[in-house]
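One file, work.cif, is given below (mmCIF, C-alpha atoms and all ligand atoms).
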```cif
data_entry
loop_
_atom_site.label_atom_id
_atom_site.label_comp_id
_atom_site.auth_asym_id
_atom_site.auth_seq_id
_atom_site.Cartn_x
_atom_site.Cartn_y
_atom_site.Cartn_z
CA MET A 1 12.52 -12.53 17.00
CA ARG A 2 10.20 -10.97 19.59
CA VAL A 3 6.45 -10.89 18.95
CA LEU A 4 4.75 -8.11 20.89
CA HIS A 5 0.99 -7.89 21.26
CA SER A 6 0.46 -4.69 23.24
CA ILE A 7 1.30 -1.02 22.69
CA ALA A 8 2.86 -0.83 26.17
CA GLU A 9 5.24 -3.73 25.43
CA MET A 10 6.21 -2.22 22.08
CA LYS A 11 7.01 1.15 23.67
CA GLU A 12 9.01 -0.57 26.39
CA GLU A 13 11.10 -2.53 23.83
CA ARG A 14 11.57 0.59 21.71
CA ARG A 15 13.14 2.41 24.63
CA LYS A 16 15.83 -0.28 24.80
CA LEU A 17 16.82 -0.03 21.11
CA ARG A 18 19.94 1.95 20.25
CA GLY A 19 20.71 3.05 16.69
CA THR A 20 18.47 3.22 13.62
CA VAL A 21 15.08 1.53 13.42
CA GLY A 22 13.50 0.57 10.07
CA PHE A 23 9.75 0.06 10.23
CA VAL A 24 7.52 -1.92 7.83
CA PRO A 25 3.77 -1.59 8.50
CA THR A 26 1.66 -4.41 7.01
CA MET A 27 -1.75 -6.03 7.27
CA GLY A 28 -0.18 -9.50 7.18
CA TYR A 29 -0.79 -12.42 4.82
CA LEU A 30 2.73 -11.69 3.68
CA HIS A 31 4.23 -12.22 0.23
CA GLU A 32 7.45 -11.35 -1.60
CA GLY A 33 6.35 -7.70 -1.89
CA HIS A 34 6.27 -7.33 1.90
CA LEU A 35 9.54 -9.25 2.24
CA GLU A 36 11.24 -6.89 -0.20
CA LEU A 37 10.28 -3.98 2.10
CA VAL A 38 11.76 -5.94 5.03
CA ARG A 39 14.99 -6.62 3.13
CA VAL A 40 15.47 -2.96 2.19
CA ALA A 41 14.75 -1.96 5.82
CA ARG A 42 17.23 -4.60 7.03
CA ALA A 43 19.97 -3.30 4.72
CA GLU A 44 19.53 0.32 5.85
CA ASN A 45 18.97 -0.01 9.61
CA GLN A 46 20.35 -1.60 12.75
CA HIS A 47 16.92 -2.83 13.86
CA VAL A 48 13.79 -3.84 11.95
CA VAL A 49 10.25 -3.67 13.31
CA VAL A 50 7.38 -5.14 11.25
CA SER A 51 3.79 -4.55 12.30
CA ILE A 52 0.90 -6.82 11.38
CA PHE A 53 -2.45 -5.16 11.94
CA VAL A 54 -5.57 -5.44 9.82
CA ASN A 55 -6.77 -1.91 10.47
CA PRO A 56 -10.57 -1.85 10.75
CA THR A 57 -10.84 1.93 10.26
CA GLN A 58 -9.55 1.86 6.68
CA PHE A 59 -12.23 -0.59 5.49
CA GLY A 60 -15.63 0.68 4.38
CA PRO A 61 -18.78 -0.98 5.79
CA LYS A 62 -19.25 -3.03 2.60
CA GLU A 63 -15.57 -3.97 2.26
CA ASP A 64 -13.65 -7.13 3.13
CA TYR A 65 -12.42 -6.45 6.70
CA ALA A 66 -13.94 -9.65 8.15
CA SER A 67 -12.79 -11.83 5.25
CA TYR A 68 -9.37 -10.19 4.73
CA PRO A 69 -6.91 -13.13 4.52
CA ARG A 70 -5.01 -13.85 7.74
CA ASP A 71 -2.32 -16.45 8.57
CA THR A 72 -0.25 -15.35 11.55
CA GLU A 73 1.79 -18.53 11.89
CA ARG A 74 2.93 -18.44 8.28
CA ASP A 75 3.66 -14.69 8.50
CA LEU A 76 5.81 -15.14 11.62
CA ALA A 77 7.78 -18.00 10.02
CA MET A 78 8.50 -15.80 6.98
CA LEU A 79 9.64 -12.88 9.14
CA LYS A 80 11.84 -15.12 11.27
CA LYS A 81 13.62 -16.27 8.11
CA GLU A 82 14.28 -12.62 7.23
CA LYS A 83 15.85 -12.11 10.67
CA VAL A 84 13.35 -9.48 11.78
CA GLY A 85 13.98 -8.37 15.39
CA ILE A 86 10.49 -7.31 16.47
CA VAL A 87 7.00 -8.08 15.16
CA PHE A 88 4.29 -5.82 16.56
CA MET A 89 0.76 -7.23 16.42
CA PRO A 90 -1.55 -4.99 18.41
CA GLY A 91 -5.19 -5.85 19.03
CA ALA A 92 -7.92 -3.63 17.58
CA GLU A 93 -9.20 -2.84 21.12
CA ASP A 94 -5.71 -1.64 22.08
CA MET A 95 -5.42 0.62 19.01
CA TYR A 96 -9.03 1.86 19.16
CA PRO A 97 -10.32 1.64 22.73
CA ALA A 98 -13.87 2.69 23.61
CA ARG A 99 -14.50 6.40 22.97
CA TYR A 100 -11.50 6.67 20.61
CA SER A 101 -12.02 9.96 18.76
CA THR A 102 -8.90 11.36 17.05
CA TRP A 103 -8.39 11.19 13.27
CA VAL A 104 -5.78 12.32 10.77
CA ASP A 105 -7.27 13.76 7.59
CA VAL A 106 -4.85 14.51 4.74
CA GLU A 107 -7.00 16.72 2.52
CA LYS A 108 -7.08 16.82 -1.31
CA VAL A 109 -4.66 13.97 -2.18
CA SER A 110 -6.89 11.65 -0.09
CA GLU A 111 -10.01 12.62 -2.02
CA ARG A 112 -9.07 11.35 -5.49
CA LEU A 113 -8.64 7.86 -7.03
CA GLU A 114 -8.94 5.27 -4.21
CA GLY A 115 -10.30 7.97 -1.91
CA ALA A 116 -13.15 8.78 -4.30
CA VAL A 117 -14.19 5.11 -4.55
CA ARG A 118 -13.46 4.28 -0.88
CA PRO A 119 -14.57 7.30 1.17
CA GLY A 120 -12.81 7.43 4.55
CA HIS A 121 -10.17 4.89 3.51
CA PHE A 122 -7.21 7.27 3.77
CA ARG A 123 -8.48 8.80 7.00
CA GLY A 124 -8.16 5.28 8.44
CA VAL A 125 -4.76 4.74 6.81
CA ALA A 126 -3.28 8.10 7.90
CA THR A 127 -4.61 7.66 11.44
CA VAL A 128 -3.23 4.16 11.94
CA VAL A 129 0.11 5.04 10.34
CA ALA A 130 0.44 8.13 12.56
CA LYS A 131 -0.35 6.00 15.63
CA LEU A 132 2.14 3.32 14.58
CA PHE A 133 4.82 5.97 13.97
CA ASN A 134 4.23 7.36 17.47
CA ILE A 135 4.45 3.90 19.04
CA VAL A 136 7.43 2.53 17.04
CA GLU A 137 9.33 5.82 16.56
CA PRO A 138 11.15 4.62 13.44
CA THR A 139 14.14 6.30 11.81
CA LYS A 140 12.78 5.25 8.41
CA ALA A 141 9.47 3.68 7.36
CA TYR A 142 9.09 1.55 4.22
CA PHE A 143 6.08 1.53 1.89
CA GLY A 144 5.45 -0.15 -1.48
CA GLN A 145 4.94 1.76 -4.72
CA LYS A 146 2.10 -0.77 -5.30
CA ASP A 147 -0.08 1.51 -3.13
CA ALA A 148 1.02 4.73 -4.81
CA GLN A 149 -1.65 7.00 -3.38
CA GLN A 150 -1.02 5.67 0.14
CA LEU A 151 2.60 6.75 -0.29
CA VAL A 152 1.57 10.24 -1.43
CA VAL A 153 -0.80 10.54 1.56
CA VAL A 154 1.74 9.26 4.11
CA LYS A 155 4.54 11.46 2.77
CA LYS A 156 2.24 14.51 2.88
CA MET A 157 1.21 13.69 6.46
CA VAL A 158 4.85 13.33 7.56
CA THR A 159 5.74 16.68 5.97
CA ASP A 160 2.64 18.56 7.15
CA LEU A 161 2.84 17.26 10.74
CA ASN A 162 6.65 17.64 10.94
CA MET A 163 7.08 13.98 11.85
CA ASN A 164 10.60 12.95 12.64
CA LEU A 165 11.25 10.15 10.17
CA GLU A 166 11.99 9.42 6.55
CA VAL A 167 9.50 7.63 4.28
CA ILE A 168 11.15 5.26 1.80
CA THR A 169 9.49 4.06 -1.43
CA VAL A 170 10.13 0.45 -2.48
CA PRO A 171 9.35 -0.54 -6.11
CA THR A 172 6.42 -2.89 -6.81
CA VAL A 173 7.28 -6.59 -6.72
CA ARG A 174 5.55 -8.57 -9.49
CA GLU A 175 4.87 -12.20 -10.33
CA PRO A 176 7.00 -13.48 -13.25
CA ASP A 177 4.18 -12.63 -15.72
CA GLY A 178 3.82 -9.06 -14.42
CA LEU A 179 0.87 -9.26 -11.99
CA ALA A 180 1.61 -7.09 -8.96
CA MET A 181 1.82 -9.20 -5.80
CA SER A 182 -1.06 -8.60 -3.42
CA SER A 183 -2.58 -10.39 -0.43
CA ARG A 184 -5.92 -10.15 -2.27
CA ASN A 185 -4.62 -12.22 -5.24
CA VAL A 186 -5.65 -15.36 -3.28
CA TYR A 187 -9.28 -14.43 -3.99
CA LEU A 188 -8.74 -14.94 -7.75
CA SER A 189 -9.94 -18.15 -9.37
CA PRO A 190 -7.46 -19.67 -11.87
CA GLN A 191 -9.47 -18.12 -14.74
CA GLU A 192 -9.58 -14.71 -13.03
CA ARG A 193 -5.85 -14.97 -12.30
CA LYS A 194 -5.27 -15.05 -16.09
CA SER A 195 -7.60 -12.10 -16.69
CA ALA A 196 -5.94 -10.14 -13.88
CA LEU A 197 -2.90 -9.72 -16.09
CA VAL A 198 -4.86 -7.12 -18.06
CA LEU A 199 -3.95 -4.50 -15.41
CA TYR A 200 -0.25 -4.95 -16.14
CA LYS A 201 -0.92 -5.14 -19.89
CA ALA A 202 -2.77 -1.80 -19.76
CA LEU A 203 0.09 -0.17 -17.84
CA THR A 204 2.61 -1.59 -20.30
CA LEU A 205 0.53 -0.16 -23.15
CA ALA A 206 0.66 3.29 -21.51
CA GLN A 207 4.43 2.98 -21.10
CA THR A 208 4.84 1.95 -24.77
CA LEU A 209 2.70 4.82 -26.07
CA TRP A 210 4.61 7.27 -23.87
CA ASP A 211 7.97 5.83 -25.02
CA LYS A 212 6.86 6.42 -28.63
CA GLY A 213 6.27 10.09 -27.84
CA GLN A 214 2.54 10.12 -27.07
CA THR A 215 1.74 12.82 -24.49
CA ASN A 216 -2.05 13.02 -24.93
CA ALA A 217 -3.30 11.56 -21.64
CA ASP A 218 -6.93 11.26 -22.84
CA LEU A 219 -5.84 9.14 -25.77
CA ILE A 220 -3.71 6.86 -23.56
CA ARG A 221 -6.57 6.51 -21.02
CA ARG A 222 -8.97 5.57 -23.84
CA GLU A 223 -6.60 2.93 -25.26
CA MET A 224 -6.02 1.45 -21.80
CA THR A 225 -9.76 1.36 -21.08
CA ALA A 226 -10.52 -0.34 -24.42
CA LEU A 227 -7.90 -3.01 -23.70
CA ILE A 228 -9.30 -3.67 -20.22
CA GLU A 229 -12.89 -3.81 -21.46
CA SER A 230 -11.90 -6.43 -24.06
CA GLU A 231 -10.97 -8.84 -21.24
CA PRO A 232 -13.91 -11.23 -20.54
CA ARG A 233 -13.83 -11.50 -16.71
CA VAL A 234 -13.55 -7.76 -16.06
CA ALA A 235 -16.57 -6.94 -13.88
CA GLY A 236 -15.99 -3.19 -13.71
CA ILE A 237 -13.43 -0.41 -13.95
CA ASP A 238 -13.33 1.99 -10.97
CA TYR A 239 -10.80 4.29 -12.62
CA VAL A 240 -8.06 4.55 -15.22
CA SER A 241 -6.08 7.61 -14.26
CA ILE A 242 -3.12 9.60 -15.51
CA ALA A 243 -2.41 12.18 -12.86
CA ASP A 244 0.24 14.56 -11.59
CA ALA A 245 2.42 12.26 -9.45
CA GLU A 246 2.48 14.75 -6.57
CA THR A 247 -0.98 16.38 -6.47
CA LEU A 248 -2.84 13.44 -8.09
CA GLU A 249 -4.79 15.88 -10.28
CA GLU A 250 -5.75 14.42 -13.65
CA LEU A 251 -3.52 15.56 -16.52
CA PRO A 252 -4.81 16.37 -20.01
CA ARG A 253 -1.23 16.23 -21.30
CA ILE A 254 1.76 14.41 -19.82
CA ASP A 255 4.17 17.29 -19.31
CA ARG A 256 5.53 16.28 -15.88
CA SER A 257 5.98 13.13 -13.77
CA ALA A 258 2.71 11.22 -14.13
CA LEU A 259 1.18 8.47 -12.03
CA VAL A 260 -0.69 6.04 -14.28
CA SER A 261 -2.98 4.06 -11.99
CA LEU A 262 -6.01 1.85 -12.25
CA ALA A 263 -8.50 -0.08 -10.16
CA VAL A 264 -10.36 -2.94 -11.81
CA LYS A 265 -12.73 -5.62 -10.57
CA ILE A 266 -11.85 -9.07 -11.90
CA GLY A 267 -14.90 -11.09 -10.91
CA LYS A 268 -15.38 -10.09 -7.26
CA PRO A 269 -11.80 -9.19 -6.33
CA ARG A 270 -10.79 -5.57 -6.86
CA LEU A 271 -7.18 -5.06 -7.93
CA ILE A 272 -5.04 -1.91 -8.17
CA ASP A 273 -1.74 -1.26 -9.90
CA ASN A 274 0.30 1.67 -11.21
CA ILE A 275 3.45 2.90 -12.88
CA ILE A 276 5.18 6.27 -12.97
CA LEU A 277 5.96 7.93 -16.29
CA ALA A 278 8.87 10.19 -15.49
CA SER A 279 9.00 13.37 -17.56
P1 LIG B 1 -0.56 -4.33 3.02
O1 LIG B 1 -0.24 -5.51 3.89
O2 LIG B 1 -1.31 -4.69 1.77
O3 LIG B 1 -1.14 -3.18 3.78
O4 LIG B 1 0.85 -3.81 2.49
C1 LIG B 1 1.88 -3.46 3.38
C2 LIG B 1 2.96 -2.76 2.61
O5 LIG B 1 3.48 -3.63 1.61
C3 LIG B 1 2.47 -1.49 1.90
O6 LIG B 1 3.46 -0.47 2.00
C4 LIG B 1 2.32 -1.97 0.48
O7 LIG B 1 2.44 -0.94 -0.47
C5 LIG B 1 3.46 -2.95 0.37
N1 LIG B 1 3.23 -3.89 -0.74
C6 LIG B 1 2.13 -4.64 -0.96
N2 LIG B 1 2.26 -5.33 -2.11
C7 LIG B 1 3.46 -4.98 -2.64
C8 LIG B 1 4.17 -5.32 -3.82
N3 LIG B 1 3.67 -6.18 -4.72
N4 LIG B 1 5.38 -4.76 -4.04
C9 LIG B 1 5.90 -3.87 -3.14
N5 LIG B 1 5.28 -3.51 -2.01
C10 LIG B 1 4.08 -4.05 -1.75
#
```
Please lay out the structure from this file as structure tokens.
Ligand code: AMP
Amino acid sequence: MRVLHSIAEMKEERRKLRGTVGFVPTMGYLHEGHLELVRVARAENQHVVVSIFVNPTQFGPKEDYASYPRDTERDLAMLKKEKVGIVFMPGAEDMYPARYSTWVDVEKVSERLEGAVRPGHFRGVATVVAKLFNIVEPTKAYFGQKDAQQLVVVKKMVTDLNMNLEVITVPTVREPDGLAMSSRNVYLSPQERKSALVLYKALTLAQTLWDKGQTNADLIRREMTALIESEPRVAGIDYVSIADAETLEELPRIDRSALVSLAVKIGKPRLIDNIILAS
């Protein structure tokens, strides 16, 4: 496994690769969710490149960029076990040198849900992903359904900018009790860890109501919200959304594929999760 720290080295190594390249962009502090992306990439490509880069431009000024969990040694050991060929770990000064000034703005789908609560977040995401795609030149890039809106934004960017790669969606990997795996789960106290399950419970409730024939999105949102609010350590709900899975516009009635998504603060940590209700 080669660990490359500069953009120049990565480009140089890329030139030497023949055949298909699967790419998994991450911010590190890896868990089984990330490894699932790596395994799918491994199965579908001759080479696998994983990037680890905590991207400063997708964090708001009051967010957790400085305290985002990092453990490079552990990450590299995990990736070695998965037989990854190249790990790309650029420095922030290499990615954003002085006087850096170019940004990718995916309008509309970036403005809702996470984008409404975290202004500028998806501008940072789209920009870094576009840069990484240009550096790594993957055949296919792998993203988790866990970050559903990120997938919508990245897919739209790839289509709109005629980028030469395929974006692959990998289903959300969960803990045995249903909690979606996330690097931020380490912030949860044991008590909060128990309360965090309410996100999955609310999504399961939506699925059950839908399975029983309920199509009134307002009613499902209300039931989900009531369930979440009944959980003691919930410190705030940013959104409970049932939206068109493609445009992310809120639906009054579920008459097409719907993304049911939510963002909830459990104590200090802020968790997100989602499911798709396929019409
Ligand atoms: P991150 O390191 O949080 O930026 O995540 C890197 C990639 O891993 C993104 O495409 C995420 O959607 C994906 N990912 C994170 N958690 C999970 C999970 N529990 N299941 C599947 N994919 C995930």
Can you work out which residues are within 6 Å of ligand LIG 1 (chain B), considering all atoms listed in the file, and then hand them over as a short mmCIF file (atom, residue, chain, number, x, y, z; two decimals) with C-alpha atoms, keeping the file's coordinate frame?
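Everything below was put into pocket.cif:
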```
data_model
loop_
_atom_site.label_atom_id
_atom_site.label_comp_id
_atom_site.auth_asym_id
_atom_site.auth_seq_id
_atom_site.Cartn_x
_atom_site.Cartn_y
_atom_site.Cartn_z
CA PRO A 25 3.77 -1.59 8.50
CA THR A 26 1.66 -4.41 7.01
CA MET A 27 -1.75 -6.03 7.27
CA GLY A 28 -0.18 -9.50 7.18
CA GLY A 33 6.35 -7.70 -1.89
CA HIS A 34 6.27 -7.33 1.90
CA PHE A 143 6.08 1.53 1.89
CA GLY A 144 5.45 -0.15 -1.48
CA GLN A 145 4.94 1.76 -4.72
CA LYS A 146 2.10 -0.77 -5.30
CA ASP A 147 -0.08 1.51 -3.13
CA PRO A 171 9.35 -0.54 -6.11
CA THR A 172 6.42 -2.89 -6.81
CA VAL A 173 7.28 -6.59 -6.72
CA ARG A 174 5.55 -8.57 -9.49
CA ALA A 180 1.61 -7.09 -8.96
CA MET A 181 1.82 -9.20 -5.80
CA SER A 182 -1.06 -8.60 -3.42
#
```
Problem - stretch 108-118 of chain A surroundings by all atoms listed in the file, 12 Å radius, close-in-sequence under 3 positions cut, as number ranges by chain - result: A: 57-63, 104-105, 121-126, 147-157, 237-250, 259-264, 270-274
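Take the candidates A:Val136, A:Lys83, A:Glu93, A:Ala43 and check each one against A:Glu9 using all atoms listed in the file; the shortest distance goes to A:Val136.
Comparing A:Lys140, A:Arg74, A:Arg193, A:Lys131 by their smallest distance to A:Gln46, the closest is A:Lys140 (using all atoms listed in the file).
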Exercise for the section: Excluding A:Ala41 and residues on its chain fewer than 6 positions from it, collect all residues at most 10 Å away from it, counting only C-alpha atoms, and give them as a PyMOL selection string. Expected result: chain A and resi 21-24+35+47-50+84+140-142+168+170
Problem - Two-atom distance - atom CA of A:Thr169, atom CA of A:Phe53 (Å) - result: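 Atom CA of A:Phe53 lies at a distance of 20.2 Å from atom CA of A:Thr169.
Across the model, the gap from atom CA of A:Glu32 to atom CA of A:Glu231 is 27.0 Å.
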Fill in the blank from the handout: Between A:Tyr96, A:Phe88, A:Phe133, A:Tyr187, smallest distance to A:Pro269 by only C-alpha atoms belongs to A:Tyr187
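When only C-alpha atoms are used to measure the gap to A:Met10, the shortest distance among A:Val38, A:Met78, A:Ala217, A:Leu132 belongs to A:Leu132.
Shortest atom-to-atom contact with A:Val128 among A:Leu37, A:Ala98, A:Ile52, A:Val87: A:Ile52, counting only C-alpha atoms.
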Once you count only C-alpha atoms, what closest atom pair and distance in Å to one decimal does each residue of stretch 223-260 of chain A within 9 Å of stretch 200-215 of chain A have, with rows by chain and rising residue number, as a tab-separated table?
```
residue	atom	partner	partner_atom	distance
A:Glu223	CA	A:Leu205	CA	8.1
A:Met224	CA	A:Ala202	CA	5.0
A:Thr225	CA	A:Ala202	CA	7.8
A:Leu227	CA	A:Ala202	CA	6.6
A:Ile228	CA	A:Ala202	CA	6.8
A:Pro252	CA	A:Thr215	CA	8.7
A:Arg253	CA	A:Thr215	CA	5.5
A:Ile254	CA	A:Thr215	CA	4.9
A:Asp255	CA	A:Thr215	CA	7.3
A:Val260	CA	A:Leu203	CA	7.2
```
